[in-house]
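The structure file start_15.cif is reproduced below (mmCIF, C-alpha atoms).
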```cif
data_run
loop_
_atom_site.label_atom_id
_atom_site.label_comp_id
_atom_site.auth_asym_id
_atom_site.auth_seq_id
_atom_site.Cartn_x
_atom_site.Cartn_y
_atom_site.Cartn_z
CA MET A 807 -55.91 -13.33 -128.33
CA SER A 808 -57.70 -13.64 -131.67
CA ALA A 809 -60.04 -11.08 -133.18
CA SER A 810 -62.95 -13.51 -132.88
CA SER A 811 -62.37 -14.00 -129.16
CA LEU A 812 -62.32 -10.23 -128.71
CA ALA A 813 -65.67 -9.92 -130.47
CA LEU A 814 -67.20 -12.50 -128.14
CA ALA A 815 -65.79 -11.08 -124.93
CA PRO A 816 -68.65 -10.33 -122.51
CA ALA A 817 -69.55 -6.80 -121.53
CA SER A 818 -68.93 -5.67 -117.99
CA PRO A 819 -71.83 -6.18 -115.53
CA THR A 820 -72.63 -2.46 -115.66
CA GLN A 821 -73.02 -2.32 -119.42
CA GLY A 822 -75.69 -3.23 -121.97
CA LEU A 823 -75.74 -3.57 -125.74
CA ALA A 824 -77.27 -0.76 -127.76
CA ARG A 825 -78.99 -1.33 -131.12
CA ASP A 826 -75.95 -0.18 -133.03
CA GLY A 827 -73.73 -2.72 -131.28
CA THR A 828 -72.02 -0.29 -128.92
CA TYR A 829 -72.04 -0.75 -125.18
CA VAL A 830 -74.01 1.68 -123.08
CA VAL A 831 -74.63 2.06 -119.36
CA PRO A 832 -78.13 0.81 -118.41
CA PRO A 833 -80.52 3.34 -116.84
CA THR A 834 -80.54 3.94 -113.09
CA ASP A 835 -82.65 6.06 -110.76
CA GLU A 836 -80.41 8.99 -111.67
CA THR A 837 -81.01 8.68 -115.42
CA THR A 838 -82.94 11.71 -116.70
CA GLU A 839 -86.16 11.53 -118.72
CA GLN A 840 -84.28 13.09 -121.62
CA ASP A 841 -81.68 10.32 -121.51
CA LEU A 842 -84.41 7.67 -121.37
CA LEU A 843 -86.18 9.06 -124.44
CA ALA A 844 -82.91 9.52 -126.33
CA GLY A 845 -82.08 5.87 -125.64
CA LEU A 846 -85.23 4.81 -127.47
CA LEU A 847 -84.52 6.84 -130.61
CA ILE A 848 -82.40 5.52 -133.46
CA SER A 849 -81.41 8.95 -134.79
CA SER A 850 -77.93 10.33 -134.13
CA GLN A 851 -79.81 13.46 -133.05
CA GLY A 852 -81.72 11.50 -130.40
CA MET A 853 -80.65 13.69 -127.48
CA ALA A 854 -81.66 16.91 -129.24
CA CYS A 855 -84.96 15.35 -130.32
CA ALA A 856 -85.66 14.13 -126.78
CA SER A 857 -84.97 17.60 -125.43
CA ALA A 858 -87.39 19.16 -127.93
CA LEU A 859 -90.11 16.64 -127.06
CA LEU A 860 -89.84 17.34 -123.33
CA ARG A 861 -89.97 21.09 -123.95
CA ASN A 862 -93.21 20.74 -125.88
CA PHE A 863 -95.02 18.02 -123.91
CA PRO A 864 -95.81 18.24 -120.18
CA SER A 865 -94.07 14.96 -119.27
CA ILE A 866 -92.47 11.80 -120.59
CA GLY A 867 -95.86 10.10 -120.21
CA HIS A 868 -97.41 12.58 -122.62
CA VAL A 869 -94.58 11.96 -125.09
CA ILE A 870 -94.99 8.18 -125.07
CA THR A 871 -98.76 8.45 -125.62
CA ALA A 872 -98.70 11.30 -128.17
CA GLU A 873 -100.35 10.84 -131.56
CA PRO A 874 -98.06 9.66 -134.40
CA SER A 875 -98.65 12.88 -136.33
CA GLN A 876 -97.48 14.90 -133.33
CA LEU A 877 -94.33 12.81 -132.96
CA ARG A 878 -93.47 12.94 -136.66
CA ALA A 879 -93.42 16.74 -136.41
CA PHE A 880 -90.30 16.32 -134.23
CA GLY A 881 -88.60 14.06 -136.75
CA LEU A 882 -89.49 10.70 -135.25
CA THR A 883 -89.58 7.77 -137.64
CA GLY A 884 -92.16 5.01 -137.85
CA HIS A 885 -89.69 2.82 -136.00
CA ASP A 886 -89.34 5.35 -133.18
CA ILE A 887 -93.11 5.61 -132.79
CA ALA A 888 -93.45 1.82 -132.76
CA VAL A 889 -90.84 1.62 -129.99
CA PHE A 890 -92.80 4.16 -127.93
CA ARG A 891 -95.94 2.08 -128.38
CA LEU A 892 -94.10 -1.08 -127.35
CA VAL A 893 -92.80 0.58 -124.19
CA ARG A 894 -96.29 1.73 -123.25
CA GLU A 895 -97.90 -1.64 -123.99
CA ILE A 896 -95.30 -3.50 -121.94
CA ALA A 897 -95.88 -1.13 -119.00
CA CYS A 898 -99.66 -1.59 -119.25
CA ARG A 899 -99.46 -5.37 -119.42
CA MET A 900 -97.14 -5.57 -116.44
CA ALA A 901 -99.48 -3.37 -114.40
CA ARG A 902 -102.60 -5.27 -115.54
CA ALA A 903 -101.03 -8.59 -114.58
CA GLU A 904 -100.72 -7.29 -111.01
CA VAL A 905 -104.42 -6.37 -111.02
CA ARG A 906 -105.35 -9.90 -112.09
CA SER A 907 -103.25 -11.49 -109.36
CA ARG A 908 -105.90 -11.21 -106.61
CA PRO A 909 -109.42 -9.79 -105.97
CA VAL A 910 -109.62 -6.20 -107.18
CA LEU A 911 -111.13 -4.71 -104.02
CA SER A 912 -108.20 -5.96 -101.93
CA ASN A 913 -105.72 -4.73 -104.51
CA TRP A 914 -106.80 -1.09 -104.73
CA GLN A 915 -103.43 0.67 -104.96
CA VAL A 916 -102.31 -1.72 -107.68
CA LEU A 917 -105.54 -1.02 -109.59
CA ILE A 918 -104.99 2.74 -109.41
CA ALA A 919 -101.38 2.33 -110.57
CA TYR A 920 -102.58 0.33 -113.58
CA LEU A 921 -105.26 2.86 -114.48
CA GLN A 922 -102.74 5.70 -114.24
CA THR A 923 -100.45 3.81 -116.61
CA ALA A 924 -103.23 2.99 -119.07
CA MET A 925 -105.22 6.24 -119.07
CA ALA A 926 -103.64 9.24 -117.36
CA TYR A 927 -101.91 10.68 -120.43
CA GLU A 928 -104.56 10.05 -123.05
CA GLN A 929 -105.42 13.19 -125.02
CA ILE A 930 -109.10 12.31 -125.28
CA GLU A 931 -111.52 10.94 -122.70
CA GLN A 932 -112.13 7.23 -122.66
CA PHE A 933 -114.65 5.22 -120.68
CA ARG A 934 -113.33 1.93 -119.30
CA ILE A 935 -115.25 -0.83 -117.54
CA LEU A 936 -113.79 -3.46 -115.24
CA PHE A 937 -116.13 -6.46 -115.06
CA LEU A 938 -115.84 -8.58 -111.90
CA ASP A 939 -117.10 -12.00 -110.81
CA ARG A 940 -118.76 -12.85 -107.46
CA LYS A 941 -115.36 -12.93 -105.74
CA ASN A 942 -114.38 -9.58 -107.28
CA ASN A 943 -111.81 -11.12 -109.57
CA LEU A 944 -111.35 -9.37 -112.91
CA ILE A 945 -113.27 -11.02 -115.76
CA ALA A 946 -112.65 -8.37 -118.41
CA ASP A 947 -111.11 -4.92 -118.78
CA GLU A 948 -112.61 -3.06 -121.72
CA VAL A 949 -112.62 0.46 -123.14
CA GLN A 950 -116.22 0.89 -124.23
CA GLN A 951 -116.21 4.46 -125.51
CA ARG A 952 -113.76 7.14 -126.65
CA GLY A 953 -114.84 10.75 -126.85
CA THR A 954 -113.34 14.22 -127.04
CA VAL A 955 -110.97 16.21 -124.84
CA ASN A 956 -113.72 16.81 -122.28
CA HIS A 957 -116.59 14.40 -122.93
CA THR A 958 -117.25 10.71 -123.51
CA PRO A 959 -120.74 9.41 -124.35
CA VAL A 960 -121.84 6.67 -121.93
CA TYR A 961 -124.84 4.43 -122.56
CA PRO A 962 -125.95 2.61 -119.38
CA ARG A 963 -127.97 0.08 -121.39
CA GLU A 964 -124.86 -0.97 -123.35
CA VAL A 965 -122.80 -1.20 -120.16
CA MET A 966 -125.33 -3.51 -118.52
CA LYS A 967 -125.82 -5.54 -121.70
CA ARG A 968 -122.11 -6.26 -121.79
CA ALA A 969 -122.07 -7.14 -118.08
CA LEU A 970 -124.82 -9.72 -118.64
CA ILE A 971 -123.01 -11.21 -121.65
CA LEU A 972 -119.88 -11.64 -119.50
CA ASN A 973 -121.93 -13.01 -116.58
CA ALA A 974 -120.42 -10.34 -114.36
CA SER A 975 -121.65 -9.76 -110.81
CA ALA A 976 -120.09 -6.34 -110.28
CA LEU A 977 -118.29 -3.57 -112.11
CA ILE A 978 -116.07 -0.59 -111.68
CA VAL A 979 -116.30 2.18 -114.25
CA VAL A 980 -113.41 4.50 -115.01
CA HIS A 981 -112.78 7.51 -117.18
CA ASN A 982 -109.91 9.97 -117.54
CA HIS A 983 -109.76 13.75 -117.60
CA PRO A 984 -107.16 14.88 -120.16
CA SER A 985 -106.93 18.20 -118.33
CA GLY A 986 -105.25 16.33 -115.48
CA ASP A 987 -107.81 17.43 -112.86
CA PRO A 988 -109.85 14.42 -111.67
CA LYS A 989 -112.64 16.45 -110.05
CA PRO A 990 -115.97 14.94 -111.21
CA SER A 991 -118.15 17.13 -113.41
CA ARG A 992 -121.93 17.48 -113.17
CA ASP A 993 -122.24 15.21 -116.20
CA ASP A 994 -120.00 12.63 -114.50
CA ILE A 995 -122.24 12.67 -111.42
CA GLU A 996 -125.46 12.36 -113.42
CA THR A 997 -124.06 9.54 -115.57
CA THR A 998 -123.01 7.66 -112.44
CA ARG A 999 -126.52 7.95 -111.00
CA GLU A 1000 -127.93 6.48 -114.21
CA LEU A 1001 -125.40 3.64 -114.16
CA LYS A 1002 -126.15 2.90 -110.51
CA ALA A 1003 -129.91 2.74 -111.17
CA ALA A 1004 -129.41 0.45 -114.17
CA ALA A 1005 -127.08 -1.82 -112.19
CA ASN A 1006 -129.51 -2.04 -109.25
CA ALA A 1007 -132.34 -3.04 -111.58
CA LEU A 1008 -130.27 -6.03 -112.72
CA GLU A 1009 -128.91 -6.88 -109.26
CA LEU A 1010 -125.40 -5.91 -110.28
CA GLU A 1011 -123.04 -4.08 -107.91
CA LEU A 1012 -121.45 -0.85 -109.09
CA HIS A 1013 -118.48 -0.71 -106.75
CA ASP A 1014 -117.11 2.66 -107.82
CA HIS A 1015 -116.58 5.23 -110.52
CA ILE A 1016 -112.94 6.32 -110.74
CA VAL A 1017 -111.77 9.48 -112.48
CA ILE A 1018 -108.10 9.44 -113.50
CA GLY A 1019 -106.04 12.62 -113.73
CA HIS A 1020 -102.30 13.24 -113.99
CA GLY A 1021 -100.93 11.42 -110.97
CA LYS A 1022 -104.23 12.01 -109.16
CA HIS A 1023 -107.60 10.31 -109.02
CA ALA A 1024 -111.09 10.72 -107.59
CA LEU A 1025 -113.28 7.94 -106.20
CA PHE A 1026 -117.02 8.53 -106.29
CA ARG A 1027 -117.69 6.30 -103.29
CA SER A 1028 -115.12 8.12 -101.15
CA LEU A 1029 -116.64 11.46 -102.22
CA GLY A 1030 -120.12 10.29 -101.20
CA LEU A 1031 -121.34 10.42 -104.80
CA LEU A 1032 -122.22 6.74 -105.10
#
```
So, in terms of structure tokens, how does the structure I just supplied come out?
Amino acid sequence: MSASSLALAPASPTQGLARDGTYVVPPTDETTEQDLLAGLLISSQGMACASALLRNFPSIGHVITAEPSQLRAFGLTGHDIAVFRLVREIACRMARAEVRSRPVLSNWQVLIAYLQTAMAYEQIEQFRILFLDRKNNLIADEVQQRGTVNHTPVYPREVMKRALILNASALIVVHNHPSGDPKPSRDDIETTRELKAAANALELELHDHIVIGHGKHALFRSLGLL
């Protein structure tokens, strides 16, 4: 057998091709978070770097969404950080595609899974609005405001202005709590009351206000706050 035919010989079904041309075993349910992170890093010290990241961040989700300056402190390159961003964006787009597949109100668990993917591990609060049509299909999914670790400014007038521009009939508002605890604050409750009043004045339906924590969430309507 010639050298060229050896080079073209297919890998076994249980193997994949790494970036350096070597064959590696693809991840399974048993693959650890450390192994997953190490597989994304180009450094020969990838395993040690992955271990250090997981010792200093609460979870793999926090690692993937960490600020570039935080990641560089552990020796990650620009390429490594870009790969992390790609992984996160792919996950978000896959989850968002599921949300768009049918009316949002009949797709609630899928919606929560998407919001967890998109927002749960952010280090600052962000205020997201899901604009819906008359059949509760998603028209637009927009982050309107970004704030601090425990506050995001919300302007009901701007929310309603955007809803009218998009010709939306209903909306769901969402924000995250970087602390991980989704319990609504007094400010959250007051802001929701203002949003509800503004929506009613324009004959728009505010279906819910969702607070996203780490693997947990709170629904204002279920809590009797809307």
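Counting only C-alpha atoms, the residue from A:Asn973, A:Glu839, A:Val889, A:Ser985 that sits nearest to Ala946 in chain A is A:Asn973.
Against this structure, the PyMOL selection byres ((chain A and resi 952) around 12) ends up with A:Met925, A:Glu928, A:Gln929, A:Ile930, A:Glu931, A:Gln932, A:Phe933, A:Arg934, A:Glu948, A:Val949, A:Gln950, A:Gln951, A:Gly953, A:Thr954, A:Val955, A:Asn956, A:His957, A:Thr958, A:Pro959, A:Val960, A:Val980, A:His981, A:Asn982, A:His983.
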For this session: Just give me the gap between CA of Arg891 in chain A and CA of Asn862 in chain A in Å, one decimal is fine.
Result: 19.0 Å
Quick one: residues within 9 Å of Leu1031 in chain A, only C-alpha atoms counted, chain neighbours fewer than 2 positions away excluded, as a PDB file with C-alpha atoms, keeping the file's coordinate frame?
```pdb
ATOM      1  CA  ILE A 995    -122.240  12.670-111.420  1.00  0.00           C
ATOM      2  CA  THR A 998    -123.010   7.660-112.440  1.00  0.00           C
ATOM      3  CA  ARG A 999    -126.520   7.950-111.000  1.00  0.00           C
ATOM      4  CA  LEU A1025    -113.280   7.940-106.200  1.00  0.00           C
ATOM      5  CA  PHE A1026    -117.020   8.530-106.290  1.00  0.00           C
ATOM      6  CA  ARG A1027    -117.690   6.300-103.290  1.00  0.00           C
ATOM      7  CA  SER A1028    -115.120   8.120-101.150  1.00  0.00           C
ATOM      8  CA  LEU A1029    -116.640  11.460-102.220  1.00  0.00           C
TER       9      LEU A1029
END
```
Problem set entry | Neighbour list for Gln840 in chain A as a VMD selection string, cut-off 10 Å, all atoms listed in the file, skip fewer than 4 positions in-chain | chain A and resid 844 to 845 852 to 860 866
Exercise. Got a sec to resolve the PyMOL selection byres ((chain A and resi 871) around 9) on this structure and send the residues as a list of chain:residue names?
Worked result: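 After applying the PyMOL selection byres ((chain A and resi 871) around 9), what remains is A:Ile866, A:Gly867, A:His868, A:Val869, A:Ile870, A:Ala872, A:Glu873, A:Pro874, A:Phe890, A:Arg891, A:Arg894, A:Tyr927, A:Glu928, A:Gln929.
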Problem set entry | Top pick for closest residue to Glu895 in chain A, considering A:Leu972, A:Leu1008, A:Ile1016, A:Ala924 and counting all atoms listed in the file |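 Of A:Leu972, A:Leu1008, A:Ile1016, A:Ala924, the one nearest Glu895 in chain A, counting all atoms listed in the file, is A:Ala924.
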For this session: On this file, the PyMOL selection byres ((chain A and resi 1019) around 9) gives some set of residues; write that set as a ChimeraX atom specification.
Result: /A:922,925-927,982-989,1017-1018,1020-1024
Test item: axis-aligned box, all listed atoms of range 920-929 of chain A, 5 Å on each side, centre and edges in Å rounded to one decimal, as AutoDock Vina command-line options:
```
--center_x -102.9 --center_y 6.8 --center_z -119.3 --size_x 15.0 --size_y 22.9 --size_z 21.4
```
Got a sec: who's within 10 Å of Arg906 in chain A, counting all atoms listed in the file, leaving out chain neighbours fewer than 6 positions off, as a PDB file with C-alpha atoms, keeping the file's coordinate frame?
```pdb
ATOM      1  CA  ASN A 913    -105.720  -4.730-104.510  1.00  0.00           C
ATOM      2  CA  VAL A 916    -102.310  -1.720-107.680  1.00  0.00           C
ATOM      3  CA  LEU A 917    -105.540  -1.020-109.590  1.00  0.00           C
ATOM      4  CA  ASN A 943    -111.810 -11.120-109.570  1.00  0.00           C
ATOM      5  CA  LEU A 944    -111.350  -9.370-112.910  1.00  0.00           C
ATOM      6  CA  ILE A 945    -113.270 -11.020-115.760  1.00  0.00           C
ATOM      7  CA  ALA A 946    -112.650  -8.370-118.410  1.00  0.00           C
TER       8      ALA A 946
END
```
Exercise. How would you write as a PyMOL selection string the residues that get within 12 Å of (-120.2, -13.7, -102.2) in the file's frame, counting only C-alpha atoms?
Worked result: chain A and resi 938-943+975-976+1011
Considering all atoms listed in the file, return as an mmCIF file with C-alpha atoms, in the coordinates of the input whatever protein or nucleic-acid residues lie within 12 Å of Trp914 in chain A, sequence-local ones (same chain, fewer than 3 positions apart) excluded.
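File produced: result_31.cif:
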```cif
data_model
loop_
_atom_site.group_PDB
_atom_site.id
_atom_site.type_symbol
_atom_site.label_atom_id
_atom_site.label_comp_id
_atom_site.auth_asym_id
_atom_site.auth_seq_id
_atom_site.Cartn_x
_atom_site.Cartn_y
_atom_site.Cartn_z
ATOM 1 C CA GLU A 904 -100.720 -7.290 -111.010
ATOM 2 C CA VAL A 905 -104.420 -6.370 -111.020
ATOM 3 C CA ARG A 906 -105.350 -9.900 -112.090
ATOM 4 C CA SER A 907 -103.250 -11.490 -109.360
ATOM 5 C CA ARG A 908 -105.900 -11.210 -106.610
ATOM 6 C CA PRO A 909 -109.420 -9.790 -105.970
ATOM 7 C CA VAL A 910 -109.620 -6.200 -107.180
ATOM 8 C CA LEU A 911 -111.130 -4.710 -104.020
ATOM 9 C CA LEU A 917 -105.540 -1.020 -109.590
ATOM 10 C CA ILE A 918 -104.990 2.740 -109.410
ATOM 11 C CA ALA A 919 -101.380 2.330 -110.570
ATOM 12 C CA TYR A 920 -102.580 0.330 -113.580
ATOM 13 C CA LEU A 921 -105.260 2.860 -114.480
ATOM 14 C CA ASN A 942 -114.380 -9.580 -107.280
ATOM 15 C CA ILE A 978 -116.070 -0.590 -111.680
ATOM 16 C CA HIS A 1013 -118.480 -0.710 -106.750
ATOM 17 C CA ASP A 1014 -117.110 2.660 -107.820
ATOM 18 C CA ILE A 1016 -112.940 6.320 -110.740
ATOM 19 C CA LEU A 1025 -113.280 7.940 -106.200
#
```
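You will find CA of Asp994 in chain A at 27.2 Å from CA of Phe863 in chain A.
Between CA of Leu846 in chain A and CA of His885 in chain A there is a distance of 9.8 Å.
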Problem set entry | Pick from A:Val965, A:Ala901, A:Leu936, A:Leu1032 nearest to Gln915 in chain A, counting all atoms listed in the file |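 The closest residue to Gln915 in chain A is A:Ala901.
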